[in-house]
file structure_11.cif (mmCIF, C-alpha atoms)
data_run
loop_
_atom_site.label_atom_id
_atom_site.label_comp_id
_atom_site.auth_asym_id
_atom_site.auth_seq_id
_atom_site.Cartn_x
_atom_site.Cartn_y
_atom_site.Cartn_z
CA MET A 1 111.86 133.13 98.95
CA SER A 2 114.38 132.53 96.21
CA ASP A 3 113.69 133.66 92.64
CA ASP A 4 115.36 130.46 91.42
CA PRO A 5 112.67 128.44 89.54
CA THR A 6 114.26 125.19 90.75
CA VAL A 7 113.48 126.14 94.35
CA ALA A 8 110.07 124.89 95.38
CA PRO A 9 107.53 127.20 97.00
CA GLN A 10 106.93 126.32 100.62
CA PRO A 11 103.83 124.15 101.05
CA ALA A 12 101.23 125.39 103.50
CA ASP A 13 101.22 122.20 105.53
CA GLY A 14 104.96 121.66 105.70
CA TRP A 15 107.42 119.07 104.44
CA GLY A 16 107.71 115.51 105.70
CA ALA A 17 105.57 112.40 106.03
CA ASP A 18 104.07 110.37 108.84
CA SER A 19 103.22 107.31 106.72
CA GLU A 20 104.05 105.45 103.52
CA HIS A 21 100.47 105.65 102.27
CA GLY A 22 99.15 109.17 102.90
CA ARG A 23 98.44 111.02 99.67
CA LEU A 24 101.80 111.67 98.00
CA LEU A 25 102.20 115.39 97.27
CA ASP A 26 105.90 115.94 96.48
CA VAL A 27 108.60 113.52 95.38
CA LEU A 28 112.35 113.76 94.69
CA VAL A 29 113.95 112.02 91.71
CA CYS A 30 117.21 112.25 89.78
CA THR A 31 117.50 111.79 86.04
CA PRO A 32 119.59 108.75 84.99
CA ASP A 33 122.15 110.81 83.04
CA ASN A 34 125.06 109.01 84.72
CA PHE A 35 123.42 105.71 85.61
CA ARG A 36 124.99 102.41 84.66
CA TRP A 37 124.97 98.98 86.21
CA LEU A 38 127.58 98.32 88.88
CA PRO A 39 128.05 95.26 91.13
CA THR A 40 126.37 97.01 94.06
CA SER A 41 124.36 94.02 95.27
CA ALA A 42 123.55 90.38 94.64
CA ILE A 43 120.77 91.63 92.35
CA SER A 44 122.97 93.71 90.06
CA ARG A 45 125.79 91.16 90.19
CA ALA A 46 123.38 88.51 88.90
CA THR A 47 122.43 90.86 86.05
CA LEU A 48 126.04 91.56 85.11
CA GLU A 49 126.90 87.86 85.23
CA SER A 50 123.92 87.05 82.98
CA GLY A 51 125.44 88.94 80.05
CA ARG A 52 122.59 91.45 79.73
CA ARG A 53 123.54 94.87 78.38
CA PHE A 54 122.57 98.20 79.82
CA ASP A 55 120.63 100.53 77.49
CA GLY A 56 120.98 104.15 78.57
CA GLU A 57 118.40 105.47 76.12
CA LEU A 58 115.85 102.95 77.36
CA ALA A 59 116.64 103.89 80.95
CA SER A 60 115.96 107.56 80.14
CA ARG A 61 112.62 106.71 78.51
CA GLN A 62 111.58 104.52 81.41
CA HIS A 63 112.51 107.18 83.95
CA ALA A 64 110.63 109.87 81.98
CA ALA A 65 107.55 107.65 81.92
CA MET A 66 107.78 107.29 85.70
CA VAL A 67 108.01 111.07 86.11
CA ALA A 68 104.98 111.48 83.84
CA ALA A 69 103.04 108.98 85.95
CA TYR A 70 103.72 111.03 89.08
CA GLU A 71 102.71 114.26 87.38
CA GLU A 72 99.52 112.74 85.98
CA ALA A 73 98.67 111.61 89.52
CA GLY A 74 98.99 115.19 90.77
CA VAL A 75 102.36 114.68 92.47
CA ARG A 76 104.83 117.57 92.25
CA VAL A 77 108.17 116.21 91.02
CA HIS A 78 111.48 117.74 92.15
CA PHE A 79 114.84 116.92 90.59
CA MET A 80 118.15 116.42 92.35
CA GLU A 81 121.23 117.76 90.57
CA PRO A 82 123.01 114.86 88.79
CA ASP A 83 126.71 114.41 89.52
CA ALA A 84 128.82 112.60 86.93
CA ALA A 85 130.79 110.90 89.73
CA LEU A 86 127.66 109.25 91.16
CA PRO A 87 126.24 106.55 88.87
CA TYR A 88 123.68 105.28 91.41
CA GLN A 89 122.37 108.71 92.43
CA VAL A 90 119.21 107.94 90.44
CA PHE A 91 118.03 105.89 93.44
CA THR A 92 117.08 108.99 95.45
CA ARG A 93 115.44 106.93 98.18
CA ASP A 94 118.84 106.15 99.69
CA SER A 95 120.68 109.46 100.11
CA SER A 96 118.10 110.76 102.56
CA ALA A 97 115.13 109.65 104.60
CA ILE A 98 111.94 111.56 105.34
CA THR A 99 110.42 111.83 108.80
CA PRO A 100 107.48 113.91 110.06
CA ASN A 101 109.96 116.56 111.18
CA GLY A 102 112.01 116.82 108.01
CA ALA A 103 114.80 115.03 106.19
CA VAL A 104 117.60 112.88 107.54
CA ILE A 105 120.81 112.92 105.52
CA THR A 106 122.06 109.36 105.36
CA GLN A 107 125.53 107.88 105.00
CA LEU A 108 125.81 105.42 102.13
CA HIS A 109 128.02 102.40 102.60
CA GLN A 110 129.68 101.85 99.23
CA TRP A 111 132.41 104.25 98.17
CA TRP A 112 130.88 104.91 94.74
CA ARG A 113 127.68 106.13 96.43
CA ARG A 114 129.12 107.89 99.46
CA GLY A 115 129.23 111.31 97.79
CA GLU A 116 125.46 111.35 97.25
CA TYR A 117 125.07 113.17 100.56
CA ALA A 118 126.34 116.41 98.97
CA ALA A 119 123.59 116.86 96.38
CA ALA A 120 121.00 115.80 98.95
CA ILE A 121 122.11 118.49 101.41
CA ARG A 122 122.18 121.10 98.65
CA PHE A 123 118.67 120.17 97.55
CA TYR A 124 117.15 120.35 101.02
CA GLN A 125 118.89 123.58 101.90
CA ALA A 126 117.98 125.26 98.60
CA ASN A 127 114.35 124.33 99.07
CA GLN A 128 114.26 125.32 102.75
CA ILE A 129 113.27 121.79 103.74
CA PRO A 130 114.23 121.13 107.37
CA ILE A 131 117.03 118.63 107.98
CA ARG A 132 116.16 116.61 111.10
CA GLY A 133 119.65 115.18 111.44
CA MET A 134 122.65 113.66 109.67
CA ILE A 135 123.68 110.08 110.28
CA THR A 136 127.15 109.83 111.82
CA ALA A 137 127.21 106.49 113.65
CA GLY A 138 127.79 104.30 110.60
CA ALA A 139 126.20 103.52 107.25
CA LEU A 140 122.47 103.98 106.83
CA GLU A 141 120.56 104.07 103.54
CA GLY A 142 117.08 105.48 103.05
CA GLY A 143 115.65 102.31 101.54
CA ASP A 144 115.93 100.77 105.01
CA LEU A 145 113.49 103.18 106.68
CA MET A 146 109.86 102.14 106.39
CA ILE A 147 107.20 104.26 108.10
CA LEU A 148 104.56 101.65 108.78
CA GLU A 149 101.93 104.04 110.12
CA PRO A 150 101.89 107.28 112.12
CA GLY A 151 104.04 106.79 115.21
CA CYS A 152 105.59 103.49 114.11
CA ALA A 153 108.55 102.65 111.86
CA VAL A 154 110.94 99.83 111.07
CA ILE A 155 114.57 100.20 110.05
CA GLY A 156 116.25 97.35 108.21
CA ALA A 157 119.83 96.52 109.13
CA GLY A 158 121.55 94.13 106.75
CA GLU A 159 125.02 95.42 107.74
CA ALA A 160 126.33 95.46 104.16
CA ARG A 161 124.30 98.64 103.51
CA THR A 162 122.70 99.81 106.79
CA GLN A 163 124.62 99.08 109.98
CA GLU A 164 122.95 98.60 113.34
CA PRO A 165 124.67 101.52 115.15
CA ALA A 166 123.40 103.94 112.50
CA ALA A 167 119.96 102.34 112.56
CA ARG A 168 119.91 102.80 116.35
CA GLN A 169 120.91 106.45 115.91
CA LEU A 170 117.95 107.13 113.62
CA ALA A 171 115.66 105.06 115.82
CA GLY A 172 116.71 107.21 118.76
CA TRP A 173 115.77 110.41 116.96
CA LEU A 174 112.35 109.01 116.08
CA ALA A 175 111.89 107.78 119.64
CA GLU A 176 112.58 111.34 120.83
CA ASP A 177 109.59 112.34 118.70
CA GLY A 178 107.45 109.74 120.49
CA TRP A 179 107.65 107.00 117.87
CA GLU A 180 107.91 103.25 118.30
CA VAL A 181 110.77 101.98 116.14
CA ARG A 182 111.93 98.44 115.47
CA VAL A 183 115.41 97.74 114.10
CA GLU A 184 115.11 94.57 112.04
CA PRO A 185 118.04 92.49 110.72
CA ILE A 186 117.62 91.48 107.07
CA PRO A 187 119.69 89.24 104.80
CA GLU A 188 122.39 91.11 102.85
CA ARG A 189 121.19 89.49 99.62
CA PHE A 190 118.03 91.62 99.63
CA VAL A 191 119.86 94.96 100.02
CA HIS A 192 117.19 97.05 101.81
CA ILE A 193 114.00 96.37 103.70
CA ASP A 194 111.98 98.02 100.92
CA VAL A 195 112.91 95.08 98.70
CA LEU A 196 111.08 92.83 101.17
CA LEU A 197 108.28 95.08 102.41
CA ALA A 198 105.99 97.75 100.96
CA VAL A 199 103.16 99.56 102.75
CA LEU A 200 100.39 99.85 100.17
CA ALA A 201 97.46 101.28 102.14
CA GLU A 202 96.32 101.58 105.73
CA ARG A 203 97.48 98.39 107.48
CA LEU A 204 97.98 96.61 104.17
CA ALA A 205 101.49 95.63 103.12
CA ALA A 206 103.29 93.44 100.64
CA ALA A 207 105.78 91.29 102.50
CA CYS A 208 108.25 88.55 101.68
CA THR A 209 107.34 86.44 104.69
CA GLU A 210 109.66 83.60 103.71
CA VAL A 211 112.67 85.92 104.16
CA LEU A 212 111.57 88.36 106.86
CA SER A 213 111.96 86.99 110.37
CA GLY A 214 109.03 85.17 111.92
CA GLY A 215 109.15 87.52 114.86
CA PHE A 216 108.82 90.57 112.64
CA VAL A 217 105.99 89.05 110.60
CA SER A 218 104.12 88.19 113.81
CA TRP A 219 104.73 91.71 115.11
CA LEU A 220 103.27 93.23 111.93
CA ARG A 221 100.21 91.02 112.09
CA GLY A 222 99.87 91.81 115.79
CA ARG A 223 99.64 95.48 114.85
CA GLY A 224 96.73 94.66 112.56
CA PHE A 225 98.54 94.52 109.22
CA GLU A 226 97.16 92.32 106.48
CA LEU A 227 100.07 90.96 104.47
CA ILE A 228 100.09 90.16 100.77
CA GLU A 229 102.79 87.53 100.51
CA VAL A 230 105.53 87.98 97.92
CA SER A 231 107.89 85.14 97.04
CA ALA A 232 111.63 85.47 97.58
CA ALA A 233 112.17 85.07 93.84
CA ASP A 234 109.78 87.93 93.05
CA ALA A 235 111.29 90.13 95.78
CA PHE A 236 114.79 89.56 94.38
CA GLU A 237 113.53 90.94 91.05
CA LEU A 238 112.10 94.03 92.85
CA GLY A 239 108.56 92.71 92.56
CA ALA A 240 107.63 94.04 96.02
CA ASN A 241 109.28 97.45 95.58
CA ALA A 242 106.03 99.36 95.05
CA ILE A 243 105.24 102.92 96.17
CA SER A 244 101.85 104.12 97.33
CA LEU A 245 100.47 107.35 95.89
CA GLY A 246 97.79 107.35 98.56
CA GLU A 247 94.02 107.18 98.16
CA GLY A 248 94.18 103.57 97.01
CA ARG A 249 96.70 104.16 94.19
CA VAL A 250 100.03 102.38 93.76
CA LEU A 251 102.94 102.56 91.31
CA SER A 252 104.43 99.13 90.77
CA VAL A 253 106.83 97.44 88.39
CA ALA A 254 105.65 95.65 85.31
CA GLY A 255 106.43 91.97 85.68
CA GLY A 256 105.43 91.82 89.34
CA ASP A 257 102.34 89.97 88.18
CA ALA A 258 101.45 88.14 91.39
CA LEU A 259 101.62 91.23 93.58
CA ASN A 260 99.94 93.47 91.02
CA ALA A 261 97.02 91.06 90.70
CA ALA A 262 96.75 90.72 94.47
CA MET A 263 96.75 94.50 94.94
CA ARG A 264 93.94 94.87 92.42
CA ALA A 265 92.01 92.14 94.21
CA HIS A 266 92.27 94.31 97.33
CA GLY A 267 90.69 97.19 95.44
CA LEU A 268 93.85 99.18 94.74
CA ALA A 269 94.39 101.03 91.47
CA VAL A 270 97.76 99.81 90.22
CA GLN A 271 99.81 101.49 87.53
CA GLU A 272 102.54 99.21 86.23
CA LEU A 273 105.77 100.79 85.00
CA ASP A 274 108.44 99.17 82.88
CA LEU A 275 111.54 99.91 84.96
CA SER A 276 113.64 96.99 83.78
CA MET A 277 116.84 99.01 83.31
CA PHE A 278 116.63 99.94 86.98
CA THR A 279 115.33 96.71 88.51
CA LEU A 280 118.14 94.82 86.79
CA GLY A 281 120.51 97.32 88.40
CA GLY A 282 119.08 96.68 91.84
CA GLY A 283 116.25 99.18 92.42
CA GLY A 284 112.57 99.54 91.63
CA ALA A 285 109.79 102.12 91.88
CA HIS A 286 110.22 102.77 95.62
CA CYS A 287 114.02 103.08 95.27
CA LEU A 288 113.78 105.63 92.46
CA ALA A 289 111.86 108.26 94.42
CA GLN A 290 112.06 109.90 97.83
CA ALA A 291 108.71 111.04 99.20
CA LEU A 292 109.23 114.64 100.30
CA ARG A 293 105.71 115.32 101.46
CA ARG A 294 102.60 113.29 102.09
CA LYS A 295 99.24 114.34 103.42
CA ARG A 296 99.48 113.85 107.19
CA LEU A 297 97.37 111.15 108.76
CA THR A 298 97.78 112.72 112.20
CA GLY A 299 98.09 116.23 113.50
CA ALA A 300 101.90 115.84 113.74
#
call {"tool": "encode", "arguments": {"input": "structure_11.cif", "output": "structure tokens"}}
result
Amino acid sequence: MSDDPTVAPQPADGWGADSEHGRLLDVLVCTPDNFRWLPTSAISRATLESGRRFDGELASRQHAAMVAAYEEAGVRVHFMEPDAALPYQVFTRDSSAITPNGAVITQLHQWWRRGEYAAAIRFYQANQIPIRGMITAGALEGGDLMILEPGCAVIGAGEARTQEPAARQLAGWLAEDGWEVRVEPIPERFVHIDVLLAVLAERLAAACTEVLSGGFVSWLRGRGFELIEVSAADAFELGANAISLGEGRVLSVAGGDALNAAMRAHGLAVQELDLSMFTLGGGGAHCLAQALRRKRLTGA
């Protein structure tokens, strides 16, 4: 074991996750030291065209409040090394993906994000977290992997960010582990599938059913999922980009009033975070954190 205090002690039950809603134990974030708005998506382009101004100090306060919320919930927070050349590195969901058997290093599509793989590899290696594989078949971003429940996942493929050949590569690795995986086309406008879908609890999800394909929505319902519907307008403003802490607790964005009220009506404890500097830049609560370890729901 390293004497480096930034290297995490090895957990007894191993790294990885087999769901999006098992109790969250460890999470990876990156401080917004170098963050600024860029025209990375239709969402951030709309912000830039609106004339709004980015406030770096506010972004730092909002990010610190998010970190505090994780710590208060008993989640161990790990920090990725910031790189001045990587303004969107703060969205740690995208530079890797977590599977039950370790991390997958992704391949980001846009040139100003492509280098994020380096810090991700360094982090996982330094912390002795297994790397399941590295995407080589095309672009794939972590926000497009959604573990619906143990043994079942969906990978979004909007082509502008995650390309189908890379999605099929990851799907193949999960299939080797005995998983059912669906590769689902999504509209480029909504960036990643986690803008349109969030697993909140066991077989309960927020979903933008007016944008997701009818076939996919029927498939989810056929698997027993109850869907809280989110409008396309709310999804575009990251209103569905919530992250489950497990045990009926969810971190969500302030301003996602319809979803937040609906989650509470379903008995969930919802903590709303003001993440406006990030949602205006194209990412919300789910985008800002990579789940490193959740309590397993199976014996995997």
call {"tool": "resolve_selection", "arguments": {"input": "structure_11.cif", "expression": "the PyMOL selection byres ((chain A and resi 118) around 12)", "output": "list of chain:residue names"}}
result
A:Met80, A:Glu81, A:Pro82, A:Asp83, A:Ala85, A:Leu86, A:Gln89, A:Ser95, A:Ser96, A:Ile105, A:Thr106, A:Gln107, A:Leu108, A:Arg113, A:Arg114, A:Gly115, A:Glu116, A:Tyr117, A:Ala119, A:Ala120, A:Ile121, A:Arg122, A:Phe123, A:Tyr124, A:Gln125, A:Met134
call {"tool": "residues_around", "arguments": {"input": "structure_11.cif", "residues": "A:Ala84", "least_positions_apart": "6", "cutoff": "9 Å", "atoms": "only C-alpha atoms", "output": "PyMOL selection string"}}
result
chain A and resi 33-35
call {"tool": "resolve_selection", "arguments": {"input": "structure_11.cif", "expression": "the PyMOL selection byres ((chain A and resi 298) around 12)", "output": "list of chain:residue names"}}
result
A:Ala17, A:Asp18, A:Ser19, A:Gly22, A:Pro100, A:Glu149, A:Pro150, A:Gly151, A:Arg294, A:Lys295, A:Arg296, A:Leu297, A:Gly299, A:Ala300
call {"tool": "resolve_selection", "arguments": {"input": "structure_11.cif", "expression": "the PyMOL selection byres ((chain A and resi 138) around 10)", "output": "ChimeraX atom specification"}}
result
/A:106-109,135-137,139-140,159,161-169
call {"tool": "write_last_selection", "arguments": {"input": "structure_11.cif", "atoms": "C-alpha atoms", "output": "tab-separated table (two decimals), in the coordinates of the input"}}
result
chain	number	residue	atom	x	y	z
A	106	THR	CA	122.06	109.36	105.36
A	107	GLN	CA	125.53	107.88	105.00
A	108	LEU	CA	125.81	105.42	102.13
A	109	HIS	CA	128.02	102.40	102.60
A	135	ILE	CA	123.68	110.08	110.28
A	136	THR	CA	127.15	109.83	111.82
A	137	ALA	CA	127.21	106.49	113.65
A	139	ALA	CA	126.20	103.52	107.25
A	140	LEU	CA	122.47	103.98	106.83
A	159	GLU	CA	125.02	95.42	107.74
A	161	ARG	CA	124.30	98.64	103.51
A	162	THR	CA	122.70	99.81	106.79
A	163	GLN	CA	124.62	99.08	109.98
A	164	GLU	CA	122.95	98.60	113.34
A	165	PRO	CA	124.67	101.52	115.15
A	166	ALA	CA	123.40	103.94	112.50
A	167	ALA	CA	119.96	102.34	112.56
A	168	ARG	CA	119.91	102.80	116.35
A	169	GLN	CA	120.91	106.45	115.91
call {"tool": "closest_residue", "arguments": {"input": "structure_11.cif", "among": "A:Gly178, A:Gly172, A:Pro185, A:Gly284", "to": "A:Gly256", "atoms": "only C-alpha atoms"}}
result
A:Gly284
call {"tool": "axis_aligned_box", "arguments": {"input": "structure_11.cif", "around": "stretch 218-221 of chain A", "padding_each_side": "3 Å", "output": "JSON"}}
result
{"center_x": 102.5, "center_y": 90.7, "center_z": 113.5, "size_x": 10.5, "size_y": 11.0, "size_z": 9.2}
call {"tool": "residues_around", "arguments": {"input": "structure_11.cif", "residues": "A:Ser244", "least_positions_apart": "2", "cutoff": "6 Å", "atoms": "all atoms listed in the file", "output": "list in words"}}
result
His21, Leu200, Gly246 and Val250 of chain A
call {"tool": "closest_residue", "arguments": {"input": "structure_11.cif", "among": "A:Ser276, A:Asn260, A:Ser218, A:Asn127", "to": "A:Ala206", "atoms": "all atoms listed in the file"}}
result
A:Asn260
call {"tool": "decode", "arguments": {"input": "structure_11.cif", "residues": "stretch 239-280 of chain A", "atoms": "C-alpha atoms", "output": "CSV table (one decimal), in the first residue's frame"}}
result
chain,number,residue,atom,x,y,z
A,239,GLY,CA,-33.5,18.5,-14.8
A,240,ALA,CA,-33.3,14.7,-15.0
A,241,ASN,CA,-29.6,14.5,-14.3
A,242,ALA,CA,-30.0,13.2,-10.8
A,243,ILE,CA,-27.7,10.8,-8.9
A,244,SER,CA,-28.9,8.2,-6.4
A,245,LEU,CA,-27.0,7.9,-3.1
A,246,GLY,CA,-28.9,4.7,-2.4
A,247,GLU,CA,-31.3,3.9,0.4
A,248,GLY,CA,-33.9,6.2,-0.9
A,249,ARG,CA,-31.7,9.3,-1.2
A,250,VAL,CA,-31.1,11.4,-4.3
A,251,LEU,CA,-29.0,14.4,-5.2
A,252,SER,CA,-30.7,16.6,-7.7
A,253,VAL,CA,-30.4,20.0,-9.2
A,254,ALA,CA,-32.3,23.0,-7.8
A,255,GLY,CA,-34.8,24.2,-10.4
A,256,GLY,CA,-35.8,20.7,-11.4
A,257,ASP,CA,-39.0,21.3,-9.6
A,258,ALA,CA,-41.3,18.8,-11.3
A,259,LEU,CA,-39.0,15.9,-10.9
A,260,ASN,CA,-37.9,16.8,-7.4
A,261,ALA,CA,-41.6,17.0,-6.3
A,262,ALA,CA,-42.4,13.7,-8.0
A,263,MET,CA,-39.4,12.0,-6.4
A,264,ARG,CA,-40.6,13.2,-3.0
A,265,ALA,CA,-44.1,11.9,-3.7
A,266,HIS,CA,-42.5,8.5,-4.3
A,267,GLY,CA,-40.9,8.6,-0.8
A,268,LEU,CA,-37.4,9.6,-1.8
A,269,ALA,CA,-35.3,12.0,0.2
A,270,VAL,CA,-34.2,14.6,-2.3
A,271,GLN,CA,-31.3,17.1,-1.7
A,272,GLU,CA,-31.4,19.9,-4.2
A,273,LEU,CA,-28.1,21.5,-5.2
A,274,ASP,CA,-27.6,24.8,-7.0
A,275,LEU,CA,-25.3,23.7,-9.8
A,276,SER,CA,-26.3,26.4,-12.3
A,277,MET,CA,-22.7,27.2,-13.4
A,278,PHE,CA,-22.4,23.6,-14.5
A,279,THR,CA,-25.9,22.9,-15.8
A,280,LEU,CA,-25.6,26.0,-18.0
